[in-house]
Structures are given as C-alpha cells and as structure tokens.
file work-v3.txt (compact mmCIF, C-alpha atoms and all ligand atoms)
# COMPACT_ATOMS: atom_id res chain seq x y z
CA MET U 249 -7.07 36.28 -17.66
CA SER U 250 -6.43 33.44 -15.25
CA LYS U 251 -5.67 33.33 -11.58
CA ALA U 252 -2.69 31.45 -10.18
CA ALA U 253 -0.59 31.09 -7.02
CA VAL U 254 3.00 31.83 -7.96
CA HIS U 255 6.21 30.95 -6.15
CA VAL U 256 8.15 34.21 -6.52
CA ALA U 257 11.06 33.74 -4.11
CA PHE U 258 12.23 31.07 -1.66
CA ASP U 259 10.82 31.34 1.86
CA GLN U 260 8.31 33.95 0.70
CA PRO U 261 4.53 33.51 0.59
CA LEU U 262 3.08 32.51 -2.75
CA GLU U 263 1.69 35.45 -4.69
CA ILE U 264 -1.82 35.34 -6.08
CA ARG U 265 -1.71 36.73 -9.61
CA THR U 266 -4.93 37.52 -11.40
CA ASP U 267 -3.36 38.61 -14.68
CA VAL U 268 -2.04 35.26 -15.85
CA GLU U 269 -2.31 34.57 -19.55
CA VAL U 270 -2.44 30.93 -20.53
CA ALA U 271 -1.35 30.10 -24.08
CA GLU U 272 -3.28 27.97 -26.54
CA PRO U 273 -2.36 24.29 -26.36
CA LYS U 274 0.30 23.34 -28.88
CA GLU U 275 0.70 19.98 -30.56
CA GLY U 276 0.19 17.14 -28.09
CA GLU U 277 -1.11 19.44 -25.36
CA ILE U 278 -4.45 20.14 -23.74
CA LYS U 279 -5.93 23.08 -21.89
CA VAL U 280 -7.63 22.09 -18.65
CA ARG U 281 -9.94 24.11 -16.42
CA ILE U 282 -8.81 23.02 -12.97
CA ALA U 283 -11.66 22.20 -10.60
CA ALA U 284 -9.58 21.29 -7.57
CA SER U 285 -5.97 20.96 -6.49
CA GLY U 286 -4.55 19.34 -3.39
CA VAL U 287 -1.93 21.28 -1.45
CA CYS U 288 0.92 18.80 -1.06
CA HIS U 289 3.99 18.92 1.12
CA SER U 290 6.12 19.00 -2.04
CA ASP U 291 4.60 22.38 -2.94
CA LEU U 292 5.81 23.65 0.42
CA SER U 293 9.16 21.97 -0.29
CA VAL U 294 9.58 24.13 -3.38
CA GLN U 295 8.77 27.26 -1.44
CA ASN U 296 11.26 26.40 1.32
CA ALA U 297 13.95 25.29 -1.18
CA THR U 298 14.00 21.60 -0.23
CA ILE U 299 13.04 21.05 -3.87
CA PRO U 300 14.63 24.20 -5.30
CA LEU U 301 12.63 24.90 -8.46
CA PRO U 302 13.59 28.37 -9.68
CA PRO U 303 10.93 31.12 -9.44
CA PRO U 304 8.70 32.41 -10.89
CA CYS U 305 6.79 29.16 -10.98
CA VAL U 306 3.12 28.24 -10.70
CA LEU U 307 3.03 25.50 -8.07
CA GLY U 308 0.56 22.64 -7.73
CA HIS U 309 0.99 19.12 -9.06
CA GLU U 310 -2.09 17.32 -7.73
CA GLY U 311 -5.16 18.40 -9.63
CA ALA U 312 -8.22 17.41 -11.59
CA GLY U 313 -10.44 19.30 -13.96
CA VAL U 314 -12.27 19.48 -17.24
CA VAL U 315 -10.64 19.56 -20.67
CA GLU U 316 -11.41 22.87 -22.32
CA GLN U 317 -9.45 22.64 -25.55
CA VAL U 318 -7.15 20.13 -27.25
CA GLY U 319 -4.09 20.96 -29.29
CA PRO U 320 -3.26 19.62 -32.76
CA GLY U 321 -2.75 15.86 -32.91
CA VAL U 322 -4.54 15.09 -29.65
CA THR U 323 -7.06 12.31 -30.17
CA ALA U 324 -7.33 10.79 -26.68
CA PHE U 325 -9.28 13.72 -25.25
CA ALA U 326 -12.13 15.97 -26.20
CA PRO U 327 -13.47 19.14 -24.58
CA GLY U 328 -15.67 18.23 -21.62
CA ASP U 329 -13.64 15.17 -20.56
CA HIS U 330 -12.89 14.92 -16.85
CA VAL U 331 -9.24 14.29 -16.12
CA VAL U 332 -6.80 13.68 -13.28
CA LEU U 333 -3.35 15.12 -13.87
CA THR U 334 -0.15 13.25 -13.12
CA PHE U 335 3.41 14.53 -12.88
CA VAL U 336 4.74 11.08 -13.79
CA PRO U 337 3.19 10.34 -17.18
CA GLN U 338 4.20 7.35 -19.26
CA CYS U 339 5.37 7.61 -22.85
CA GLY U 340 4.58 3.92 -23.31
CA GLU U 341 7.63 3.38 -25.47
CA CYS U 342 10.81 3.70 -23.43
CA PHE U 343 12.76 0.86 -21.78
CA PHE U 344 10.94 1.34 -18.46
CA CYS U 345 7.41 1.73 -19.85
CA GLN U 346 7.94 -1.45 -21.86
CA ARG U 347 8.87 -3.29 -18.65
CA GLY U 348 5.81 -2.11 -16.74
CA GLN U 349 7.81 0.43 -14.75
CA GLY U 350 6.17 3.53 -16.15
CA TYR U 351 6.91 5.45 -12.96
CA LEU U 352 10.53 5.48 -14.15
CA CYS U 353 9.58 6.66 -17.65
CA GLU U 354 12.41 8.52 -19.30
CA GLY U 355 10.26 9.86 -22.14
CA GLY U 356 10.14 13.22 -20.42
CA VAL U 357 7.26 15.67 -20.27
CA LYS U 358 9.05 18.90 -21.03
CA PHE U 359 7.09 21.35 -23.07
CA ASN U 360 8.29 21.43 -26.60
CA GLY U 361 9.97 24.78 -26.11
CA GLY U 362 8.87 27.91 -24.34
CA ARG U 363 6.44 28.55 -21.53
CA ARG U 364 2.68 28.41 -21.50
CA MET U 365 1.93 31.03 -18.84
CA THR U 366 2.86 34.68 -18.50
CA SER U 367 2.03 37.32 -15.94
CA GLY U 368 2.87 41.00 -16.30
CA GLY U 369 5.07 40.22 -19.29
CA GLN U 370 7.03 37.67 -17.26
CA GLU U 371 7.17 33.99 -18.27
CA LEU U 372 6.10 31.55 -15.58
CA THR U 373 7.20 27.94 -15.36
CA GLN U 374 4.73 25.32 -14.16
CA MET U 375 5.70 22.85 -11.44
CA THR U 376 6.19 19.45 -13.13
CA GLU U 377 4.64 20.97 -16.28
CA LEU U 378 1.28 21.06 -14.47
CA GLY U 379 0.85 24.15 -12.29
CA THR U 380 -2.49 23.14 -10.79
CA PHE U 381 -2.59 26.19 -8.50
CA SER U 382 -4.15 27.93 -11.48
CA ASP U 383 -7.77 27.95 -12.59
CA VAL U 384 -6.67 27.14 -16.13
CA THR U 385 -3.53 25.36 -17.28
CA VAL U 386 -1.99 23.85 -20.38
CA VAL U 387 -0.36 20.46 -19.93
CA PRO U 388 1.10 17.71 -22.11
CA ALA U 389 -1.80 15.42 -23.01
CA ILE U 390 0.08 12.38 -21.66
CA SER U 391 -0.04 14.04 -18.23
CA ALA U 392 -3.83 13.58 -18.12
CA ILE U 393 -5.89 10.49 -17.34
CA LYS U 394 -9.54 10.41 -18.29
CA ILE U 395 -11.91 9.49 -15.46
CA ASP U 396 -15.63 8.83 -15.06
CA LYS U 397 -17.78 11.90 -14.63
CA ASP U 398 -19.46 10.52 -11.52
CA VAL U 399 -16.29 10.92 -9.45
CA PRO U 400 -16.20 14.30 -7.68
CA LEU U 401 -13.24 16.25 -9.10
CA LYS U 402 -12.07 17.44 -5.69
CA VAL U 403 -11.71 13.79 -4.68
CA ALA U 404 -10.11 12.80 -7.98
CA ALA U 405 -7.51 15.56 -7.61
CA LEU U 406 -5.95 13.73 -4.68
CA LEU U 407 -5.03 10.79 -6.88
CA GLY U 408 -2.47 12.90 -8.70
CA CYS U 409 0.17 12.71 -5.99
CA GLY U 410 -0.48 11.80 -2.37
CA VAL U 411 -2.82 8.86 -2.87
CA GLN U 412 -0.86 7.18 -5.64
CA THR U 413 2.40 7.69 -3.79
CA GLY U 414 1.17 6.50 -0.41
CA VAL U 415 -1.20 3.72 -1.37
CA GLY U 416 1.20 2.63 -4.12
CA ALA U 417 4.10 2.42 -1.65
CA ALA U 418 2.11 -0.13 0.33
CA ILE U 419 0.46 -2.14 -2.44
CA ASN U 420 3.12 -1.91 -5.18
CA THR U 421 6.54 -1.07 -3.78
CA ALA U 422 6.43 -3.01 -0.52
CA ASP U 423 5.99 -6.73 -0.25
CA ILE U 424 3.28 -6.81 2.42
CA LYS U 425 1.89 -10.24 3.14
CA LYS U 426 -1.47 -10.93 4.76
CA GLY U 427 -1.13 -10.65 8.53
CA ASP U 428 2.06 -8.58 8.43
CA THR U 429 2.96 -5.91 10.92
CA VAL U 430 4.09 -2.61 9.46
CA ALA U 431 5.28 0.72 10.84
CA VAL U 432 4.74 4.09 9.19
CA ILE U 433 6.95 6.99 10.27
CA GLY U 434 5.26 10.27 9.36
CA CYS U 435 1.46 10.51 9.25
CA GLY U 436 0.90 13.48 6.93
CA GLY U 437 -1.10 13.33 3.72
CA VAL U 438 1.11 10.66 2.14
CA GLY U 439 1.66 8.71 5.37
CA LEU U 440 -2.10 8.35 5.89
CA ASN U 441 -2.28 6.84 2.42
CA VAL U 442 0.53 4.42 3.21
CA ILE U 443 -1.55 3.39 6.22
CA GLN U 444 -4.70 2.77 4.22
CA GLY U 445 -2.66 1.05 1.51
CA ALA U 446 -1.17 -1.28 4.12
CA ARG U 447 -4.67 -2.09 5.35
CA ILE U 448 -5.80 -2.85 1.78
CA ALA U 449 -2.67 -4.99 1.26
CA GLY U 450 -3.67 -7.14 4.25
CA ALA U 451 -1.47 -5.89 7.09
CA ASP U 452 -2.85 -6.89 10.48
CA ARG U 453 -1.09 -4.38 12.64
CA ILE U 454 -0.18 -0.92 11.49
CA ILE U 455 1.96 1.10 13.86
CA ALA U 456 1.63 4.84 13.22
CA ILE U 457 4.53 7.00 14.35
CA ASP U 458 4.55 10.79 14.48
CA THR U 459 5.45 13.59 16.84
CA MET U 460 1.96 15.14 16.70
CA ASP U 461 -1.02 13.58 18.43
CA SER U 462 -3.33 15.30 15.92
CA LYS U 463 -1.78 13.26 13.12
CA LEU U 464 -1.87 10.03 15.14
CA GLN U 465 -5.57 10.67 15.62
CA MET U 466 -6.03 10.93 11.85
CA ALA U 467 -3.94 7.77 11.39
CA LYS U 468 -6.51 5.87 13.41
CA GLU U 469 -9.25 6.82 10.94
CA PHE U 470 -7.21 5.39 8.08
CA GLY U 471 -6.56 2.03 9.71
CA ALA U 472 -3.61 2.33 12.09
CA THR U 473 -3.89 -0.02 15.06
CA ASP U 474 -1.01 1.11 17.28
CA PHE U 475 0.31 4.60 17.96
CA VAL U 476 3.73 5.88 18.93
CA ASN U 477 4.35 9.54 19.66
CA ALA U 478 8.05 9.87 18.84
CA SER U 479 8.37 12.86 21.18
CA ASP U 480 7.83 10.53 24.12
CA GLY U 481 11.05 8.55 23.65
CA ASP U 482 12.91 6.32 21.20
CA PRO U 483 10.38 5.09 18.62
CA VAL U 484 12.61 2.15 17.67
CA ALA U 485 12.50 0.84 21.24
CA LYS U 486 8.71 1.35 21.32
CA VAL U 487 8.22 -0.56 18.07
CA LYS U 488 10.47 -3.39 19.28
CA GLU U 489 8.44 -3.52 22.47
CA LEU U 490 5.22 -3.78 20.45
CA THR U 491 6.60 -6.61 18.30
CA GLY U 492 8.08 -8.98 20.88
CA GLY U 493 11.55 -7.49 20.37
CA ARG U 494 11.64 -8.53 16.73
CA GLY U 495 10.73 -5.41 14.75
CA VAL U 496 8.21 -4.98 11.94
CA ASP U 497 7.96 -6.85 8.66
CA VAL U 498 7.89 -3.59 6.71
CA ALA U 499 8.86 -0.11 7.87
CA PHE U 500 7.96 2.98 5.83
CA GLU U 501 9.70 6.32 6.17
CA VAL U 502 7.40 9.08 4.93
CA ILE U 503 9.24 12.20 6.05
CA GLY U 504 12.57 12.28 4.23
CA LEU U 505 15.05 12.90 7.04
CA ALA U 506 18.26 10.95 7.68
CA PRO U 507 17.52 10.21 11.37
CA THR U 508 14.03 8.86 10.68
CA ILE U 509 15.32 6.81 7.75
CA GLN U 510 17.81 5.25 10.16
CA GLN U 511 14.99 4.60 12.63
CA ALA U 512 12.92 2.90 9.92
CA MET U 513 15.81 0.60 9.07
CA ASP U 514 16.44 -0.15 12.73
CA MET U 515 12.80 -0.99 13.48
CA SER U 516 12.45 -3.43 10.57
CA ARG U 517 12.98 -7.06 11.60
CA ARG U 518 15.71 -9.39 10.39
CA GLY U 519 14.76 -10.25 6.82
CA GLY U 520 12.39 -7.30 6.80
CA GLU U 521 11.96 -4.40 4.45
CA THR U 522 12.37 -0.67 4.71
CA VAL U 523 10.64 1.49 2.13
CA LEU U 524 11.72 5.10 1.71
CA VAL U 525 8.83 7.28 0.56
CA GLY U 526 9.54 10.77 1.97
CA VAL U 527 11.55 13.01 -0.35
CA PRO U 528 14.70 14.26 1.41
CA ARG U 529 16.74 17.32 0.60
CA PHE U 530 19.16 16.70 -2.23
CA ASP U 531 22.17 16.60 0.13
CA VAL U 532 20.93 13.85 2.48
CA ASN U 533 23.14 10.75 2.46
CA LEU U 534 22.67 7.44 4.21
CA SER U 535 25.20 5.62 6.30
CA LEU U 536 24.74 1.86 6.46
CA ASN U 537 26.57 -0.81 8.33
CA ALA U 538 27.03 -3.33 5.54
CA ASN U 539 27.46 -6.28 7.90
CA PHE U 540 24.85 -6.02 10.66
CA GLY U 541 22.78 -3.40 8.90
CA VAL U 542 22.19 -5.32 5.69
CA ILE U 543 23.92 -8.66 5.10
CA MET U 544 23.70 -10.63 8.33
CA THR U 545 20.26 -9.22 9.00
CA ALA U 546 19.16 -9.93 5.40
CA LYS U 547 17.35 -6.61 5.27
CA THR U 548 16.03 -4.97 2.15
CA LEU U 549 16.04 -1.23 1.55
CA LYS U 550 13.75 0.00 -1.21
CA GLY U 551 13.32 3.41 -2.73
CA CYS U 552 9.76 4.28 -3.64
CA TRP U 553 9.14 6.76 -6.42
CA TYR U 554 5.52 7.73 -7.03
CA GLY U 555 4.31 4.58 -5.30
CA SER U 556 5.73 2.46 -8.14
CA THR U 557 2.47 3.22 -9.96
CA ASN U 558 1.70 3.50 -13.64
CA ALA U 559 -0.80 6.32 -13.45
CA SER U 560 -2.78 5.49 -16.57
CA GLU U 561 -3.52 1.99 -15.24
CA ASP U 562 -3.56 2.65 -11.52
CA VAL U 563 -5.82 5.72 -11.36
CA PRO U 564 -8.83 3.69 -12.61
CA LYS U 565 -7.98 0.86 -10.18
CA LEU U 566 -7.78 3.25 -7.26
CA LEU U 567 -11.09 4.84 -8.23
CA ASP U 568 -12.64 1.34 -8.24
CA LEU U 569 -11.38 0.83 -4.69
CA TYR U 570 -12.89 4.20 -3.79
CA LYS U 571 -16.26 3.30 -5.28
CA LYS U 572 -16.24 0.02 -3.31
CA GLY U 573 -15.58 1.98 -0.13
CA GLU U 574 -12.17 0.41 0.46
CA LEU U 575 -10.18 3.54 -0.29
CA LYS U 576 -10.97 6.61 1.77
CA LEU U 577 -10.65 9.76 -0.27
CA ASP U 578 -13.39 12.07 1.03
CA GLU U 579 -11.92 11.66 4.50
CA LEU U 580 -8.56 12.97 3.28
CA ILE U 581 -10.04 16.38 2.56
CA SER U 582 -9.74 18.27 5.83
CA ARG U 583 -10.43 21.68 4.35
CA GLU U 584 -11.74 23.09 1.11
CA ILE U 585 -10.24 26.48 0.45
CA PRO U 586 -10.17 29.18 -2.21
CA LEU U 587 -6.84 29.73 -4.01
CA GLU U 588 -6.30 32.89 -1.95
CA GLN U 589 -5.80 30.78 1.20
CA VAL U 590 -2.96 28.67 -0.15
CA ASN U 591 -0.39 30.22 2.20
CA GLU U 592 -2.65 29.48 5.17
CA ALA U 593 -2.84 25.90 3.89
CA PHE U 594 0.97 25.70 4.07
CA GLU U 595 0.82 26.86 7.69
CA ALA U 596 -1.89 24.34 8.54
CA MET U 597 0.24 21.59 7.00
CA LYS U 598 3.28 22.62 9.06
CA LYS U 599 1.18 22.50 12.21
CA GLY U 600 -0.19 19.06 11.39
CA GLU U 601 -3.76 20.33 11.39
CA VAL U 602 -4.79 18.78 8.08
CA ALA U 603 -4.55 15.59 6.04
CA ARG U 604 -5.09 17.66 2.91
CA SER U 605 -6.27 21.14 2.15
CA VAL U 606 -7.90 21.16 -1.25
CA ILE U 607 -8.13 24.31 -3.33
CA VAL U 608 -11.53 24.39 -4.99
CA PHE U 609 -11.96 26.75 -7.95
CA ASP U 610 -15.41 28.14 -8.73
ZN ZN U 701 2.84 15.90 -4.03
ZN ZN U 702 8.33 5.80 -20.99

call {"tool": "encode", "arguments": {"input": "work-v3.txt", "output": "structure tokens"}}
result
Amino acid sequence: MSKAAVHVAFDQPLEIRTDVEVAEPKEGEIKVRIAASGVCHSDLSVQNATIPLPPPCVLGHEGAGVVEQVGPGVTAFAPGDHVVLTFVPQCGECFFCQRGQGYLCEGGVKFNGGRRMTSGGQELTQMTELGTFSDVTVVPAISAIKIDKDVPLKVAALLGCGVQTGVGAAINTADIKKGDTVAVIGCGGVGLNVIQGARIAGADRIIAIDTMDSKLQMAKEFGATDFVNASDGDPVAKVKELTGGRGVDVAFEVIGLAPTIQQAMDMSRRGGETVLVGVPRFDVNLSLNANFGVIMTAKTLKGCWYGSTNASEDVPKLLDLYKKGELKLDELISREIPLEQVNEAFEAMKKGEVARSVIVFD
C-alpha cells in the first residue's frame, strides 16, 4: 500500500490516503519511489479550481526519486536510477520537438488507457500523469530525466516545475541583454527563479515587485536589486521613477492576473518586452491598445510556457549551474515537511511565508 495526498473536492483540504494501490508499470512506463516533491502554486490552483482538474486526483507535479521497476520496452532506465520528473516531456518526433521547441510537444503523455492508482476501490487520476504527492508512482518513461546520484533528490525535485519555468523564462523566453533592467511582478517560488535567471542572464538591475515584504526579502537573496511593495501605491509609477521615466527592458508577470499583466505591459519601455509566466484562470482575457500599446511603442508580448525549456536537455544544464554555485536551489527550500502537512504548506504559500515547501518521504 502507498500513501498519497488526494484532491477529493474543490476548496477542500487534500486527503491523505494510506491505502493507495499503485499498478505495475505497463509498456513504456516506470515505477518511481518518490523521495521529494515540491508543493507548487499550481497544486493549490487545482484545489481552488483555477486549474479545474476533476477529483479524485493525486496532486504533485514537481518531484524526484529512484526508479523501482521498469515496464516492458523501457531501455533508458534501470532500477536504482535517480530521476527528476517533468510534466512537459518531449516525444522527440513531433513538429515542435524537431524544431527544438519540445516544451510545445504535442506527442502527449496520456497513459495508454486506464488509471494506475486506486484507493478504496476508486480510481485516482494523477496530476499531469505524475502525482508526486505519493510515495510511489507510475509515470510514462519519457516523463523522467536521469540525473547524477550526487545531487540531493530534494533539490533535484525543484527542477521539475518552478525552477525550469522561472529560470527558463529569463534565460530562454526573454531576450535579456547584459546590463538590462528587468522587473518581476510576483516573488513566489517561480518569481524567485525568474529573478535568479535574470541575474544569470546578465541583468544589472532587477526590480522585485510584490505586496508582501516577506517575499521581497526573499527576492533579495536571489539577486533582486530594487524592491517595490505594490501595496504602497502604483507599481508602474514606482518602476518608471526607478528607470528615469523610461520603463524596464523586460517585465515579467508571475502571478496570472489581468491587472498585473496590464501593469507589466505598462512598465516595459518602448521597444521592450513583457513576458507572461503566471498561469491565469481560463477565463482571463487581455485588452490591448493596438496603437499606443503595441505598434507605436514597438512592444513585444511573449507567452512563456514551462520556461521554453526542453527538459531532457535543460535539466542537466541547470544542475551544472547548481554545481558551480550559480543557481541557488538549496535556498529555495524553506521547509521540509512530511506528506501529512501538505495542507499546511498550502496555507504557508498563501501567506507568503515560503519560497517552497518540499515534501520529503522517508
Ligand atoms: Zn508547478
Ligand atoms: Zn514532441
């Protein structure tokens, strides 16, 4: 029997089930013993119906662990391998993978029929076919990336979502030039990674914007140089003031709300870029003035999905940066918790108390 945190109804706490049965891996699948899983804002977004995945569903999409068993036809992994899991795997064959845009892969990762977890006779789905809030899971083998055994798994887990998305937004999606000034609206787990990505990409000034001083304090640790508490007045005016009235070269929105997206666009300079990283509700639309908002100001608006990363190539690169001390990962882990405290981790995230809570399985 396995143990998992299950989303059973919207706006209800996750339920810890200790009677979860995990199936044998089928063709092209592997069974992974999860060592650690980050608690990401998108998990909370499922629970509060921003991302309305139907219950019952095992949440968690940012994990790392050890391969326990491989299904028929799997040659890339063997039991004992350490892996990071990704919810954006690449098939390697589709139009997008062939063009180096694996983050848009349309190969799909759906299980080849059926579910892999049950609890009390009930079938459970797994968030993004991962379900890392479980001590054991079965996943498509292409959702796993083998990593060196000297990387702590609780650190590696973070690469699955927040780090790739945030750092990737800065080093892949955005066009940051050495000496640029950037602004980052939203300094949660992903925003902090945008900040350190911007530093790695060569930005000189990094303006962190949030409504919580606790998060601005964390932003400083990850490389932000200027701080704007958006509760103290119009952040666009503040950013203009900090940039000689011009605005920033690149503005990142890492919340996913229409008003802050508008602010990001307004605080980018003429000819500048706005990168949308935060995932909004499905019904959020943008309103743009085509003339002054885009054409005469020559502004660029970019959507950023999964940091424009190709996980199989970028996970090793990010781990290299970590080993060289350029990428802070240990510092992202504010709390290590047992699975049973996942609901408390959601509360801590809402209050802005943590960069990341990481569930560590024994
Ligand atoms: Zn996530
Ligand atoms: Zn593909």

call {"tool": "closest_residue", "arguments": {"input": "work-v3.txt", "among": "U:His255, U:Lys425, U:Lys358, U:His289", "to": "U:Gly410", "atoms": "all atoms listed in the file"}}
result
U:His289

call {"tool": "residues_around", "arguments": {"input": "work-v3.txt", "residues": "U:Pro507", "least_positions_apart": "3", "cutoff": "12 Å", "atoms": "only C-alpha atoms", "output": "PyMOL selection string"}}
result
chain U and resi 433+482-484+501+503-504+510-514+528+532-535

call {"tool": "closest_residue", "arguments": {"input": "work-v3.txt", "among": "U:Ala253, U:Val322, U:Val287, U:Cys342", "to": "U:Ser582", "atoms": "only C-alpha atoms"}}
result
U:Val287

call {"tool": "closest_atom_pairs", "arguments": {"input": "work-v3.txt", "of": "chain U", "to": "ligand ZN 701 (chain U)", "cutoff": "12 Å", "atoms": "only C-alpha atoms and all ligand atoms", "output": "CSV"}}
result
residue,atom,partner,partner_atom,distance
U:Ser285,CA,U:ZN701,ZN,10.5
U:Gly286,CA,U:ZN701,ZN,8.2
U:Val287,CA,U:ZN701,ZN,7.6
U:Cys288,CA,U:ZN701,ZN,4.6
U:His289,CA,U:ZN701,ZN,6.1
U:Ser290,CA,U:ZN701,ZN,4.9
U:Asp291,CA,U:ZN701,ZN,6.8
U:Leu292,CA,U:ZN701,ZN,9.4
U:Ser293,CA,U:ZN701,ZN,9.5
U:Val294,CA,U:ZN701,ZN,10.7
U:Ile299,CA,U:ZN701,ZN,11.4
U:Leu307,CA,U:ZN701,ZN,10.4
U:Gly308,CA,U:ZN701,ZN,8.0
U:His309,CA,U:ZN701,ZN,6.3
U:Glu310,CA,U:ZN701,ZN,6.3
U:Gly311,CA,U:ZN701,ZN,10.1
U:Leu333,CA,U:ZN701,ZN,11.7
U:Thr334,CA,U:ZN701,ZN,9.9
U:Phe335,CA,U:ZN701,ZN,9.0
U:Val336,CA,U:ZN701,ZN,11.0
U:Met375,CA,U:ZN701,ZN,10.6
U:Thr376,CA,U:ZN701,ZN,10.3
U:Leu378,CA,U:ZN701,ZN,11.7
U:Gly379,CA,U:ZN701,ZN,11.8
U:Thr380,CA,U:ZN701,ZN,11.2
U:Ala405,CA,U:ZN701,ZN,11.0
U:Leu406,CA,U:ZN701,ZN,9.1
U:Leu407,CA,U:ZN701,ZN,9.8
U:Gly408,CA,U:ZN701,ZN,7.7
U:Cys409,CA,U:ZN701,ZN,4.6
U:Gly410,CA,U:ZN701,ZN,5.5
U:Val411,CA,U:ZN701,ZN,9.1
U:Gln412,CA,U:ZN701,ZN,9.6
U:Thr413,CA,U:ZN701,ZN,8.2
U:Gly414,CA,U:ZN701,ZN,10.2
U:Gly436,CA,U:ZN701,ZN,11.4
U:Gly437,CA,U:ZN701,ZN,9.1
U:Val438,CA,U:ZN701,ZN,8.3
U:Gly439,CA,U:ZN701,ZN,11.9
U:Val525,CA,U:ZN701,ZN,11.5
U:Gly526,CA,U:ZN701,ZN,10.4
U:Val527,CA,U:ZN701,ZN,9.9
U:Trp553,CA,U:ZN701,ZN,11.4
U:Tyr554,CA,U:ZN701,ZN,9.1
U:Gly555,CA,U:ZN701,ZN,11.5
U:Arg604,CA,U:ZN701,ZN,10.7

call {"tool": "residues_around", "arguments": {"input": "work-v3.txt", "residues": "U:Ser560", "least_positions_apart": "4", "cutoff": "9 Å", "atoms": "all atoms listed in the file", "output": "list of chain:residue names"}}
result
U:Thr334, U:Pro337, U:Gln338, U:Ala392, U:Ile393, U:Lys394, U:Pro564

call {"tool": "closest_atom_pairs", "arguments": {"input": "work-v3.txt", "of": "chain U", "to": "ligand ZN 702 (chain U)", "cutoff": "9 Å", "atoms": "all atoms listed in the file", "output": "JSON lines"}}
result
{"residue": "U:Pro337", "atom": "CA", "partner": "U:ZN702", "partner_atom": "ZN", "distance": 7.8}
{"residue": "U:Gln338", "atom": "CA", "partner": "U:ZN702", "partner_atom": "ZN", "distance": 4.7}
{"residue": "U:Cys339", "atom": "CA", "partner": "U:ZN702", "partner_atom": "ZN", "distance": 3.9}
{"residue": "U:Gly340", "atom": "CA", "partner": "U:ZN702", "partner_atom": "ZN", "distance": 4.8}
{"residue": "U:Glu341", "atom": "CA", "partner": "U:ZN702", "partner_atom": "ZN", "distance": 5.1}
{"residue": "U:Cys342", "atom": "CA", "partner": "U:ZN702", "partner_atom": "ZN", "distance": 4.1}
{"residue": "U:Phe343", "atom": "CA", "partner": "U:ZN702", "partner_atom": "ZN", "distance": 6.7}
{"residue": "U:Phe344", "atom": "CA", "partner": "U:ZN702", "partner_atom": "ZN", "distance": 5.8}
{"residue": "U:Cys345", "atom": "CA", "partner": "U:ZN702", "partner_atom": "ZN", "distance": 4.3}
{"residue": "U:Gln346", "atom": "CA", "partner": "U:ZN702", "partner_atom": "ZN", "distance": 7.3}
{"residue": "U:Gln349", "atom": "CA", "partner": "U:ZN702", "partner_atom": "ZN", "distance": 8.2}
{"residue": "U:Gly350", "atom": "CA", "partner": "U:ZN702", "partner_atom": "ZN", "distance": 5.8}
{"residue": "U:Tyr351", "atom": "CA", "partner": "U:ZN702", "partner_atom": "ZN", "distance": 8.2}
{"residue": "U:Leu352", "atom": "CA", "partner": "U:ZN702", "partner_atom": "ZN", "distance": 7.2}
{"residue": "U:Cys353", "atom": "CA", "partner": "U:ZN702", "partner_atom": "ZN", "distance": 3.7}
{"residue": "U:Glu354", "atom": "CA", "partner": "U:ZN702", "partner_atom": "ZN", "distance": 5.2}
{"residue": "U:Gly355", "atom": "CA", "partner": "U:ZN702", "partner_atom": "ZN", "distance": 4.6}
{"residue": "U:Gly356", "atom": "CA", "partner": "U:ZN702", "partner_atom": "ZN", "distance": 7.7}

call {"tool": "residues_around", "arguments": {"input": "work-v3.txt", "residues": "stretch 469-471 of chain U", "least_positions_apart": "6", "cutoff": "7 Å", "atoms": "only C-alpha atoms", "output": "PDB file with C-alpha atoms, keeping the file's coordinate frame"}}
result
ATOM      1  CA  LEU U 440      -2.100   8.350   5.890  1.00  0.00           C
ATOM      2  CA  ILE U 443      -1.550   3.390   6.220  1.00  0.00           C
ATOM      3  CA  GLN U 444      -4.700   2.770   4.220  1.00  0.00           C
ATOM      4  CA  ARG U 447      -4.670  -2.090   5.350  1.00  0.00           C
TER       5      ARG U 447
END

call {"tool": "residues_near_point", "arguments": {"input": "work-v3.txt", "point": "(-10.5, 14.6, -12.2)", "cutoff": "7 Å", "atoms": "all atoms listed in the file", "output": "JSON, numbers by chain"}}
result
{"U": [312, 313, 330, 331, 332, 395, 401, 404, 405]}

call {"tool": "atom_distance", "arguments": {"input": "work-v3.txt", "atom1": "atom CA of U:Glu584", "atom2": "atom CA of U:Phe609"}}
result
9.8 Å

call {"tool": "atom_distance", "arguments": {"input": "work-v3.txt", "atom1": "atom CA of U:Asp458", "atom2": "atom CA of U:Val432"}}
result
8.5 Å

call {"tool": "atom_distance", "arguments": {"input": "work-v3.txt", "atom1": "atom CA of U:Lys463", "atom2": "atom CA of U:Ala418"}}
result
18.9 Å

call {"tool": "residues_around", "arguments": {"input": "work-v3.txt", "residues": "U:Arg517", "least_positions_apart": "5", "cutoff": "9 Å", "atoms": "only C-alpha atoms", "output": "list of chain:residue names"}}
result
U:Lys488, U:Gly493, U:Arg494, U:Gly495, U:Val496, U:Asp497, U:Val498, U:Ala499, U:Thr545, U:Lys547

call {"tool": "residues_around", "arguments": {"input": "work-v3.txt", "residues": "stretch 548-550 of chain U", "least_positions_apart": "4", "cutoff": "7 Å", "atoms": "all atoms listed in the file", "output": "ChimeraX atom specification"}}
result
/U:520-524

call {"tool": "write_last_selection", "arguments": {"input": "work-v3.txt", "atoms": "C-alpha atoms", "output": "PDB file, keeping the file's coordinate frame"}}
result
ATOM      1  CA  GLY U 520      12.390  -7.300   6.800  1.00  0.00           C
ATOM      2  CA  GLU U 521      11.960  -4.400   4.450  1.00  0.00           C
ATOM      3  CA  THR U 522      12.370  -0.670   4.710  1.00  0.00           C
ATOM      4  CA  VAL U 523      10.640   1.490   2.130  1.00  0.00           C
ATOM      5  CA  LEU U 524      11.720   5.100   1.710  1.00  0.00           C
TER       6      LEU U 524
END

call {"tool": "decode", "arguments": {"input": "work-v3.txt", "residues": "stretch 520-525 of chain U", "atoms": "N, CA, C and O atoms", "output": "CSV table (one decimal), in the first residue's frame"}}
result
chain,number,residue,atom,x,y,z
U,520,GLY,N,10.4,47.5,-25.5
U,520,GLY,CA,10.7,46.5,-24.5
U,520,GLY,C,9.8,45.3,-24.6
U,520,GLY,O,9.0,45.1,-25.6
U,521,GLU,N,10.0,44.4,-23.7
U,521,GLU,CA,9.4,43.1,-23.7
U,521,GLU,C,8.6,42.8,-22.5
U,521,GLU,O,9.0,43.2,-21.4
U,522,THR,N,7.4,42.2,-22.6
U,522,THR,CA,6.7,41.7,-21.5
U,522,THR,C,6.5,40.2,-21.6
U,522,THR,O,6.1,39.7,-22.7
U,523,VAL,N,6.9,39.5,-20.6
U,523,VAL,CA,6.8,38.0,-20.6
U,523,VAL,C,5.8,37.5,-19.6
U,523,VAL,O,5.9,37.9,-18.4
U,524,LEU,N,4.8,36.8,-20.0
U,524,LEU,CA,3.8,36.3,-19.1
U,524,LEU,C,4.1,34.9,-18.7
U,524,LEU,O,4.1,34.0,-19.5
U,525,VAL,N,4.3,34.8,-17.4
U,525,VAL,CA,4.7,33.5,-16.8
U,525,VAL,C,3.6,32.9,-15.9
U,525,VAL,O,3.3,31.7,-16.0
